[in-house]
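Enquirer: Have a peek at structure-v6.pdb (PDB, C-alpha atoms and all ligand atoms).
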ATOM      1  CA  MET X1079     116.701 119.725  79.238
ATOM      2  CA  LYS X1080     115.277 121.510  82.222
ATOM      3  CA  ARG X1081     111.897 119.904  81.683
ATOM      4  CA  GLU X1082     113.385 116.453  81.619
ATOM      5  CA  LEU X1083     115.064 117.098  84.912
ATOM      6  CA  ILE X1084     111.805 118.206  86.475
ATOM      7  CA  GLN X1085     110.081 115.125  85.169
ATOM      8  CA  ALA X1086     112.845 112.908  86.424
ATOM      9  CA  LEU X1087     112.354 114.323  89.885
ATOM     10  CA  PHE X1088     108.615 114.629  89.830
ATOM     11  CA  VAL X1089     107.551 111.320  88.357
ATOM     12  CA  PRO X1090     109.244 109.054  90.911
ATOM     13  CA  ALA X1091     107.884 111.250  93.693
ATOM     14  CA  LEU X1092     104.415 110.840  92.268
ATOM     15  CA  PHE X1093     104.796 107.090  92.099
ATOM     16  CA  ALA X1094     106.027 107.005  95.659
ATOM     17  CA  ALA X1095     103.028 109.002  96.805
ATOM     18  CA  ALA X1096     100.671 106.730  94.901
ATOM     19  CA  ALA X1097     102.309 103.675  96.402
ATOM     20  CA  VAL X1098     101.822 105.046  99.894
ATOM     21  CA  MET X1099      98.184 105.754  99.202
ATOM     22  CA  ALA X1100      97.545 102.358  97.650
ATOM     23  CA  ALA X1101      99.329 100.399 100.353
ATOM     24  CA  PRO X1102      96.991  98.736 102.796
ATOM     25  CA  GLY X1103      97.026 101.234 105.621
ATOM     26  CA  HIS X1104      96.822 100.538 109.282
ATOM     27  CA  GLY X1105      93.099 101.003 109.265
ATOM     28  CA  SER X1106      92.327  98.918 106.209
ATOM     29  CA  ASN X1107      90.669  95.769 107.330
ATOM     30  CA  PRO X1108      88.758  92.962 105.662
ATOM     31  CA  VAL X1109      86.170  93.019 108.428
ATOM     32  CA  GLY X1110      84.937  96.531 107.748
ATOM     33  CA  GLU X1111      86.082 100.080 108.249
ATOM     34  CA  PRO X1112      86.267 102.682 110.983
ATOM     35  CA  GLY X1113      82.896 104.320 111.525
ATOM     36  CA  LYS X1114      81.819 107.772 112.573
ATOM     37  CA  ALA X1115      79.889 108.043 115.826
ATOM     38  CA  THR X1116      77.471 110.471 114.163
ATOM     39  CA  GLN X1117      76.578 107.786 111.624
ATOM     40  CA  ALA X1118      76.043 105.003 114.119
ATOM     41  CA  THR X1119      72.726 103.248 113.564
ATOM     42  CA  ARG X1120      73.090 100.979 116.537
ATOM     43  CA  THR X1121      74.649 101.065 119.968
ATOM     44  CA  ILE X1122      75.741  97.837 121.582
ATOM     45  CA  GLU X1123      76.944  97.627 125.151
ATOM     46  CA  VAL X1124      79.533  94.971 125.867
ATOM     47  CA  ASN X1125      80.752  94.074 129.322
ATOM     48  CA  MET X1126      84.199  92.587 129.997
ATOM     49  CA  THR X1127      85.091  90.725 133.164
ATOM     50  CA  ASP X1128      88.030  88.963 134.777
ATOM     51  CA  THR X1129      86.308  85.648 134.104
ATOM     52  CA  MET X1130      87.653  86.314 130.587
ATOM     53  CA  ARG X1131      84.283  86.724 129.008
ATOM     54  CA  PHE X1132      82.495  89.282 126.901
ATOM     55  CA  THR X1133      78.806  89.782 127.592
ATOM     56  CA  PRO X1134      77.226  89.453 125.135
ATOM     57  CA  ALA X1135      79.749  87.282 123.299
ATOM     58  CA  GLU X1136      77.575  87.179 120.204
ATOM     59  CA  VAL X1137      76.000  90.187 118.577
ATOM     60  CA  SER X1138      74.019  90.521 115.372
ATOM     61  CA  VAL X1139      74.088  93.477 113.024
ATOM     62  CA  HIS X1140      73.275  94.146 109.399
ATOM     63  CA  GLN X1141      75.728  94.702 106.583
ATOM     64  CA  GLY X1142      76.399  98.399 106.107
ATOM     65  CA  GLU X1143      75.519  99.279 109.661
ATOM     66  CA  THR X1144      77.736 101.513 111.736
ATOM     67  CA  VAL X1145      77.818 100.245 115.277
ATOM     68  CA  ARG X1146      78.911 102.118 118.354
ATOM     69  CA  PHE X1147      80.236  99.625 120.876
ATOM     70  CA  ILE X1148      80.232 100.897 124.425
ATOM     71  CA  VAL X1149      82.727  98.632 126.088
ATOM     72  CA  LYS X1150      82.776  98.415 129.860
ATOM     73  CA  ASN X1151      85.541  96.846 131.893
ATOM     74  CA  SER X1152      83.980  95.456 135.077
ATOM     75  CA  GLY X1153      87.167  93.636 135.999
ATOM     76  CA  ALA X1154      90.226  94.540 138.034
ATOM     77  CA  VAL X1155      92.669  94.176 135.146
ATOM     78  CA  LYS X1156      92.880  95.798 131.746
ATOM     79  CA  HIS X1157      90.767  94.311 128.983
ATOM     80  CA  GLU X1158      90.181  95.223 125.384
ATOM     81  CA  LEU X1159      87.937  94.529 122.465
ATOM     82  CA  VAL X1160      89.675  94.046 119.123
ATOM     83  CA  LEU X1161      87.760  93.322 115.910
ATOM     84  CA  GLY X1162      89.459  91.305 113.194
ATOM     85  CA  THR X1163      89.738  88.132 111.200
ATOM     86  CA  PRO X1164      90.814  85.074 113.217
ATOM     87  CA  GLU X1165      94.212  85.297 111.465
ATOM     88  CA  ASP X1166      94.655  88.977 112.337
ATOM     89  CA  LEU X1167      93.687  88.391 115.923
ATOM     90  CA  LYS X1168      96.063  85.448 116.293
ATOM     91  CA  ALA X1169      98.964  87.368 114.773
ATOM     92  CA  HIS X1170      98.248  90.426 116.871
ATOM     93  CA  TYR X1171      97.932  88.304 120.003
ATOM     94  CA  ALA X1172     101.303  86.646 119.354
ATOM     95  CA  MET X1173     102.816  90.122 119.275
ATOM     96  CA  MET X1174     101.087  91.115 122.520
ATOM     97  CA  VAL X1175     102.414  87.999 124.253
ATOM     98  CA  LYS X1176     105.949  88.789 123.085
ATOM     99  CA  MET X1177     105.694  92.375 124.252
ATOM    100  CA  PRO X1178     103.463  92.403 127.303
ATOM    101  CA  GLY X1179     102.480  95.811 128.525
ATOM    102  CA  VAL X1180     102.982  97.395 125.144
ATOM    103  CA  GLU X1181     100.387 100.028 124.401
ATOM    104  CA  HIS X1182      98.524  99.449 121.219
ATOM    105  CA  ALA X1183      95.698 101.339 119.619
ATOM    106  CA  ASP X1184      93.881 101.254 116.330
ATOM    107  CA  ASP X1185      90.494 102.105 114.886
ATOM    108  CA  ASN X1186      89.275  98.529 115.182
ATOM    109  CA  MET X1187      89.903  98.220 118.901
ATOM    110  CA  VAL X1188      89.578  99.775 122.297
ATOM    111  CA  SER X1189      91.649  99.071 125.428
ATOM    112  CA  VAL X1190      89.826  99.781 128.648
ATOM    113  CA  GLU X1191      91.292 100.250 132.103
ATOM    114  CA  PRO X1192      89.558  98.552 135.071
ATOM    115  CA  GLY X1193      86.292 100.231 135.994
ATOM    116  CA  LYS X1194      86.322 102.363 132.862
ATOM    117  CA  THR X1195      84.275 102.417 129.694
ATOM    118  CA  GLY X1196      85.592 102.849 126.171
ATOM    119  CA  GLU X1197      84.140 103.044 122.715
ATOM    120  CA  VAL X1198      84.816 101.667 119.284
ATOM    121  CA  VAL X1199      82.762 102.722 116.278
ATOM    122  CA  TRP X1200      82.876 100.328 113.379
ATOM    123  CA  ARG X1201      81.116 100.003 110.055
ATOM    124  CA  PHE X1202      80.450  96.419 108.986
ATOM    125  CA  THR X1203      80.823  96.429 105.238
ATOM    126  CA  LYS X1204      80.854  92.671 104.683
ATOM    127  CA  ALA X1205      78.364  90.016 105.608
ATOM    128  CA  GLY X1206      79.554  87.039 107.608
ATOM    129  CA  LYS X1207      80.969  86.174 110.953
ATOM    130  CA  ILE X1208      83.445  88.692 112.319
ATOM    131  CA  ASP X1209      85.533  87.852 115.321
ATOM    132  CA  PHE X1210      86.503  89.990 118.252
ATOM    133  CA  ALA X1211      88.772  89.184 121.152
ATOM    134  CA  CYS X1212      90.729  90.509 124.084
ATOM    135  CA  LEU X1213      94.415  90.328 123.197
ATOM    136  CA  GLN X1214      95.820  90.944 126.651
ATOM    137  CA  PRO X1215      98.320  88.135 127.376
ATOM    138  CA  GLY X1216      96.495  85.056 128.629
ATOM    139  CA  HIS X1217      93.016  86.411 127.957
ATOM    140  CA  PHE X1218      92.722  85.239 124.358
ATOM    141  CA  ASP X1219      93.925  81.755 125.386
ATOM    142  CA  ALA X1220      91.391  81.729 128.205
ATOM    143  CA  GLY X1221      88.641  82.133 125.629
ATOM    144  CA  MET X1222      88.009  85.862 125.830
ATOM    145  CA  ARG X1223      86.463  85.994 122.385
ATOM    146  CA  GLY X1224      83.203  86.710 120.701
ATOM    147  CA  PHE X1225      81.751  87.341 117.307
ATOM    148  CA  VAL X1226      79.550  89.652 115.337
ATOM    149  CA  ASN X1227      77.100  88.045 112.991
ATOM    150  CA  VAL X1228      76.721  90.410 110.048
ATOM    151  CA  ALA X1229      73.531  89.662 108.136
ATOM    152  CA  PRO X1230      73.594  90.415 104.400
ATOM    153  CA  LYS X1231      71.907  93.632 103.436
ATOM    154  CA  ALA X1232      68.338  93.109 102.237
ATOM    155  CA  GLY X1233      68.290  93.103  98.456
ATOM    156  CA  ALA X1234      71.917  92.039  98.216
ATOM    157  CA  ALA X1235      72.647  89.814  95.239
ATOM    158  CA  THR X1236      73.054  86.808  97.501
ATOM    159  CA  SER X1237      69.303  86.047  97.519
ATOM    160  CA  GLY X1238      68.654  82.449  96.611
ATOM    161  CA  GLY X1239      71.735  81.276  98.436
ATOM    162  CA  HIS X1240      72.775  77.767  97.490
ATOM    163  CA  GLY X1241      70.074  77.164  94.911
ATOM    164  CA  GLY X1242      71.455  79.719  92.510
ATOM    165  CA  HIS X1243      71.758  77.375  89.535
ATOM    166  CA  PRO X1244      69.963  78.575  86.427
ATOM    167  CA  HIS X1245      67.883  75.433  85.914
TER
HETATM  168 CU    CU Q   1      90.812  90.616 128.710
END
In structure tokens, what does this structure look like?
Expert:
Amino acid sequence: MKRELIQALFVPALFAAAAVMAAPGHGSNPVGEPGKATQATRTIEVNMTDTMRFTPAEVSVHQGETVRFIVKNSGAVKHELVLGTPEDLKAHYAMMVKMPGVEHADDNMVSVEPGKTGEVVWRFTKAGKIDFACLQPGHFDAGMRGFVNVAPKAGAATSGGHGGHPH
């Protein structure tokens, strides 16, 4: 009797906890995962200007690398660097346009005040082209975007590429 009651209380709580843990969290991202600065294997400096450009706008890394981006704002207005899929960036940008001035922060981005420098440390777990952009209203539309070319890890099963047919 008593045991059943405990189970009745405990089991749903356990499921709820599991559901929270399994739910895609704020930091979960198809483009990689937050990195630790101490594990960074590469440092890349990126400059942001009021001409709505990142310099460089294209960077190349290897799959599995943890990259420390040192992001400088040389402009007179706020800029930011946000990593994400094109879909994520578009959705996030739509929100920023609706709510201008809203503060936002996440592991995959850094907002930088004019004249300041910020940092984002990111581990690129998947090969491919990963986008980044400035989501300040107007900036994304003005072409303030770039991408990270993530080369497949040497020895990854993708060797052979297109010609992978067994004949
Ligand atoms: Cu910007």
Enquirer: Around ligand CU 1 (chain Q), out to 10 Å and counting only C-alpha atoms and all ligand atoms, which residues are there? I want them as a ChimeraX atom specification.
Expert: /X:1126-1132,1151,1153,1155-1159,1189-1190,1211-1223
Enquirer: Measure the distance from CA of Ala1154 (chain X) to CA of Asp1166 (chain X) in Å and round it to one decimal.
Expert: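 CA of Ala1154 (chain X) sits 26.7 Å away from CA of Asp1166 (chain X).
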Enquirer: Tell me, in Å to one decimal, how far CA of Thr1144 (chain X) is from CA of Met1174 (chain X).
Expert: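 Taking CA of Thr1144 (chain X) and CA of Met1174 (chain X), their separation equals 27.7 Å.
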Enquirer: Evaluated on this file, the PyMOL selection byres (((chain X and resi 1149) around 6) and not hetatm) picks out some residues - which ones are they, written as JSON, numbers by chain?
Expert: {"X": [1123, 1124, 1125, 1147, 1148, 1150, 1195, 1196, 1197]}
Enquirer: Quick one: distance from CA of Asn1227 (chain X) to CA of Val1188 (chain X) in Å, one decimal?
Expert: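 One can read the CA of Asn1227 (chain X) to CA of Val1188 (chain X) distance as 19.5 Å.
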Enquirer: If you apply the PyMOL selection byres (((chain X and resi 1205) around 6) and not hetatm) to this file, what residues do you get, as a list in words?
Expert: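 Output from the PyMOL selection byres (((chain X and resi 1205) around 6) and not hetatm), applied to this file: Gln1141, Lys1204, Gly1206, Val1228, Ala1229 and Pro1230 of chain X.
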Enquirer: Counting only C-alpha atoms, which of X:Thr1133, X:Pro1112, X:Met1187, X:Phe1202 gets nearest to Ser1152 (chain X)?
Expert: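 Among X:Thr1133, X:Pro1112, X:Met1187, X:Phe1202, it is X:Thr1133 that comes nearest to Ser1152 (chain X).
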Enquirer: With distances taken over all atoms listed in the file, which residue among X:Ile1208, X:Val1199, X:Val1175, X:Val1160 lies nearest Arg1120 (chain X)?
Expert: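 Selected residue with least distance to Arg1120 (chain X): X:Val1199.
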Enquirer: Could you expand the PyMOL selection byres (((chain X and resi 1161) around 6) and not hetatm) into the explicit residues it covers here, written as a ChimeraX atom specification?
Expert: /X:1160,1162,1186,1209-1210
Enquirer: Contacts of Gly1113 (chain X) at 9 Å or less, counting all atoms listed in the file, minus same-chain residues fewer than 4 places along, as an NGL selection string?
Expert: :X and (1117-1118 or 1144-1146 or 1185 or 1198-1202)
Enquirer: Store the residues picked out above in a file with C-alpha atoms, as a PDB file, keeping the file's coordinate frame.
Expert:
ATOM      1  CA  GLN X1117      76.578 107.786 111.624  1.00  0.00           C
ATOM      2  CA  ALA X1118      76.043 105.003 114.119  1.00  0.00           C
ATOM      3  CA  THR X1144      77.736 101.513 111.736  1.00  0.00           C
ATOM      4  CA  VAL X1145      77.818 100.245 115.277  1.00  0.00           C
ATOM      5  CA  ARG X1146      78.911 102.118 118.354  1.00  0.00           C
ATOM      6  CA  ASP X1185      90.494 102.105 114.886  1.00  0.00           C
ATOM      7  CA  VAL X1198      84.816 101.667 119.284  1.00  0.00           C
ATOM      8  CA  VAL X1199      82.762 102.722 116.278  1.00  0.00           C
ATOM      9  CA  TRP X1200      82.876 100.328 113.379  1.00  0.00           C
ATOM     10  CA  ARG X1201      81.116 100.003 110.055  1.00  0.00           C
ATOM     11  CA  PHE X1202      80.450  96.419 108.986  1.00  0.00           C
TER      12      PHE X1202
END
Enquirer: Which residue is closest to Val1109 (chain X)? Choose from X:Thr1163, X:Glu1136, X:Ala1232, X:Gly1224 and count all atoms listed in the file.
Expert: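 Of X:Thr1163, X:Glu1136, X:Ala1232, X:Gly1224, the one nearest Val1109 (chain X), counting all atoms listed in the file, is X:Thr1163.
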Enquirer: Can we get region 1118-1226 of chain X of that structure written down with C-alpha atoms, as a PDB file, in the first residue's frame?
Expert:
ATOM      1  CA  ALA X1118      40.960  25.100 -27.906  1.00  0.00           C
ATOM      2  CA  THR X1119      43.300  23.882 -30.632  1.00  0.00           C
ATOM      3  CA  ARG X1120      42.960  26.985 -32.723  1.00  0.00           C
ATOM      4  CA  THR X1121      42.390  30.676 -32.211  1.00  0.00           C
ATOM      5  CA  ILE X1122      40.747  32.689 -34.943  1.00  0.00           C
ATOM      6  CA  GLU X1123      40.442  36.447 -34.827  1.00  0.00           C
ATOM      7  CA  VAL X1124      37.394  37.908 -36.512  1.00  0.00           C
ATOM      8  CA  ASN X1125      36.827  41.600 -37.040  1.00  0.00           C
ATOM      9  CA  MET X1126      33.357  43.156 -37.339  1.00  0.00           C
ATOM     10  CA  THR X1127      32.710  46.547 -38.879  1.00  0.00           C
ATOM     11  CA  ASP X1128      29.845  48.909 -39.624  1.00  0.00           C
ATOM     12  CA  THR X1129      30.196  48.044 -43.303  1.00  0.00           C
ATOM     13  CA  MET X1130      28.325  44.911 -42.159  1.00  0.00           C
ATOM     14  CA  ARG X1131      31.160  42.560 -42.833  1.00  0.00           C
ATOM     15  CA  PHE X1132      33.107  39.944 -40.950  1.00  0.00           C
ATOM     16  CA  THR X1133      36.813  39.714 -41.692  1.00  0.00           C
ATOM     17  CA  PRO X1134      37.559  36.978 -42.463  1.00  0.00           C
ATOM     18  CA  ALA X1135      34.108  35.920 -43.655  1.00  0.00           C
ATOM     19  CA  GLU X1136      35.316  32.411 -44.392  1.00  0.00           C
ATOM     20  CA  VAL X1137      37.328  30.284 -42.025  1.00  0.00           C
ATOM     21  CA  SER X1138      38.473  26.688 -42.282  1.00  0.00           C
ATOM     22  CA  VAL X1139      38.789  24.254 -39.414  1.00  0.00           C
ATOM     23  CA  HIS X1140      38.870  20.506 -38.967  1.00  0.00           C
ATOM     24  CA  GLN X1141      36.120  18.321 -37.581  1.00  0.00           C
ATOM     25  CA  GLY X1142      36.575  17.801 -33.857  1.00  0.00           C
ATOM     26  CA  GLU X1143      38.524  20.988 -33.390  1.00  0.00           C
ATOM     27  CA  THR X1144      37.713  23.393 -30.602  1.00  0.00           C
ATOM     28  CA  VAL X1145      38.089  26.922 -31.852  1.00  0.00           C
ATOM     29  CA  ARG X1146      38.434  30.055 -29.793  1.00  0.00           C
ATOM     30  CA  PHE X1147      37.033  32.960 -31.775  1.00  0.00           C
ATOM     31  CA  ILE X1148      38.304  36.326 -30.652  1.00  0.00           C
ATOM     32  CA  VAL X1149      35.695  38.662 -32.018  1.00  0.00           C
ATOM     33  CA  LYS X1150      36.495  42.345 -32.289  1.00  0.00           C
ATOM     34  CA  ASN X1151      33.953  45.062 -32.918  1.00  0.00           C
ATOM     35  CA  SER X1152      35.707  47.863 -34.809  1.00  0.00           C
ATOM     36  CA  GLY X1153      32.429  49.617 -35.514  1.00  0.00           C
ATOM     37  CA  ALA X1154      30.411  52.259 -33.709  1.00  0.00           C
ATOM     38  CA  VAL X1155      27.357  50.056 -33.195  1.00  0.00           C
ATOM     39  CA  LYS X1156      26.860  46.713 -31.519  1.00  0.00           C
ATOM     40  CA  HIS X1157      27.649  43.621 -33.551  1.00  0.00           C
ATOM     41  CA  GLU X1158      27.606  39.939 -32.801  1.00  0.00           C
ATOM     42  CA  LEU X1159      28.732  36.618 -34.122  1.00  0.00           C
ATOM     43  CA  VAL X1160      26.176  33.815 -33.941  1.00  0.00           C
ATOM     44  CA  LEU X1161      26.919  30.289 -35.177  1.00  0.00           C
ATOM     45  CA  GLY X1162      24.058  28.174 -36.472  1.00  0.00           C
ATOM     46  CA  THR X1163      22.303  26.492 -39.338  1.00  0.00           C
ATOM     47  CA  PRO X1164      20.826  28.882 -41.922  1.00  0.00           C
ATOM     48  CA  GLU X1165      17.361  27.971 -40.568  1.00  0.00           C
ATOM     49  CA  ASP X1166      18.347  28.706 -36.964  1.00  0.00           C
ATOM     50  CA  LEU X1167      19.914  31.990 -37.912  1.00  0.00           C
ATOM     51  CA  LYS X1168      16.884  33.082 -39.929  1.00  0.00           C
ATOM     52  CA  ALA X1169      14.475  32.180 -37.138  1.00  0.00           C
ATOM     53  CA  HIS X1170      16.619  33.867 -34.525  1.00  0.00           C
ATOM     54  CA  TYR X1171      16.987  36.954 -36.703  1.00  0.00           C
ATOM     55  CA  ALA X1172      13.211  37.218 -37.159  1.00  0.00           C
ATOM     56  CA  MET X1173      12.921  37.294 -33.379  1.00  0.00           C
ATOM     57  CA  MET X1174      15.609  39.976 -33.074  1.00  0.00           C
ATOM     58  CA  VAL X1175      13.815  42.153 -35.626  1.00  0.00           C
ATOM     59  CA  LYS X1176      10.548  41.808 -33.705  1.00  0.00           C
ATOM     60  CA  MET X1177      12.214  42.669 -30.423  1.00  0.00           C
ATOM     61  CA  PRO X1178      15.006  45.100 -31.189  1.00  0.00           C
ATOM     62  CA  GLY X1179      17.293  45.853 -28.313  1.00  0.00           C
ATOM     63  CA  VAL X1180      16.523  42.599 -26.579  1.00  0.00           C
ATOM     64  CA  GLU X1181      19.563  41.112 -24.917  1.00  0.00           C
ATOM     65  CA  HIS X1182      20.313  37.619 -26.001  1.00  0.00           C
ATOM     66  CA  ALA X1183      23.119  35.290 -25.097  1.00  0.00           C
ATOM     67  CA  ASP X1184      23.959  31.675 -25.697  1.00  0.00           C
ATOM     68  CA  ASP X1185      26.983  29.425 -25.963  1.00  0.00           C
ATOM     69  CA  ASN X1186      27.025  29.634 -29.746  1.00  0.00           C
ATOM     70  CA  MET X1187      27.252  33.408 -29.916  1.00  0.00           C
ATOM     71  CA  VAL X1188      28.871  36.534 -28.626  1.00  0.00           C
ATOM     72  CA  SER X1189      27.507  40.102 -28.686  1.00  0.00           C
ATOM     73  CA  VAL X1190      30.183  42.753 -28.678  1.00  0.00           C
ATOM     74  CA  GLU X1191      29.829  46.423 -27.834  1.00  0.00           C
ATOM     75  CA  PRO X1192      31.591  48.992 -30.068  1.00  0.00           C
ATOM     76  CA  GLY X1193      35.344  49.018 -29.564  1.00  0.00           C
ATOM     77  CA  LYS X1194      35.241  45.862 -27.469  1.00  0.00           C
ATOM     78  CA  THR X1195      36.365  42.302 -28.015  1.00  0.00           C
ATOM     79  CA  GLY X1196      34.445  39.171 -27.101  1.00  0.00           C
ATOM     80  CA  GLU X1197      35.000  35.464 -27.313  1.00  0.00           C
ATOM     81  CA  VAL X1198      33.108  32.377 -28.320  1.00  0.00           C
ATOM     82  CA  VAL X1199      34.599  28.915 -27.924  1.00  0.00           C
ATOM     83  CA  TRP X1200      33.025  26.270 -30.087  1.00  0.00           C
ATOM     84  CA  ARG X1201      33.727  22.650 -30.894  1.00  0.00           C
ATOM     85  CA  PHE X1202      32.929  21.665 -34.475  1.00  0.00           C
ATOM     86  CA  THR X1203      31.682  18.118 -34.262  1.00  0.00           C
ATOM     87  CA  LYS X1204      30.314  17.808 -37.792  1.00  0.00           C
ATOM     88  CA  ALA X1205      31.968  18.273 -41.133  1.00  0.00           C
ATOM     89  CA  GLY X1206      30.408  20.668 -43.604  1.00  0.00           C
ATOM     90  CA  LYS X1207      29.645  24.298 -44.035  1.00  0.00           C
ATOM     91  CA  ILE X1208      28.516  26.059 -40.879  1.00  0.00           C
ATOM     92  CA  ASP X1209      27.062  29.514 -41.060  1.00  0.00           C
ATOM     93  CA  PHE X1210      27.569  32.459 -38.787  1.00  0.00           C
ATOM     94  CA  ALA X1211      25.936  35.855 -38.875  1.00  0.00           C
ATOM     95  CA  CYS X1212      25.278  39.084 -37.050  1.00  0.00           C
ATOM     96  CA  LEU X1213      21.630  39.104 -36.003  1.00  0.00           C
ATOM     97  CA  GLN X1214      21.378  42.750 -35.040  1.00  0.00           C
ATOM     98  CA  PRO X1215      18.363  44.208 -36.898  1.00  0.00           C
ATOM     99  CA  GLY X1216      19.351  45.173 -40.430  1.00  0.00           C
ATOM    100  CA  HIS X1217      22.808  43.621 -40.266  1.00  0.00           C
ATOM    101  CA  PHE X1218      21.830  40.129 -41.390  1.00  0.00           C
ATOM    102  CA  ASP X1219      19.860  41.615 -44.315  1.00  0.00           C
ATOM    103  CA  ALA X1220      22.855  43.753 -45.226  1.00  0.00           C
ATOM    104  CA  GLY X1221      24.879  40.581 -45.682  1.00  0.00           C
ATOM    105  CA  MET X1222      26.702  40.408 -42.366  1.00  0.00           C
ATOM    106  CA  ARG X1223      27.326  36.694 -42.669  1.00  0.00           C
ATOM    107  CA  GLY X1224      30.132  34.248 -43.015  1.00  0.00           C
ATOM    108  CA  PHE X1225      30.842  30.577 -42.817  1.00  0.00           C
ATOM    109  CA  VAL X1226      33.122  28.011 -41.305  1.00  0.00           C
TER     110      VAL X1226
END
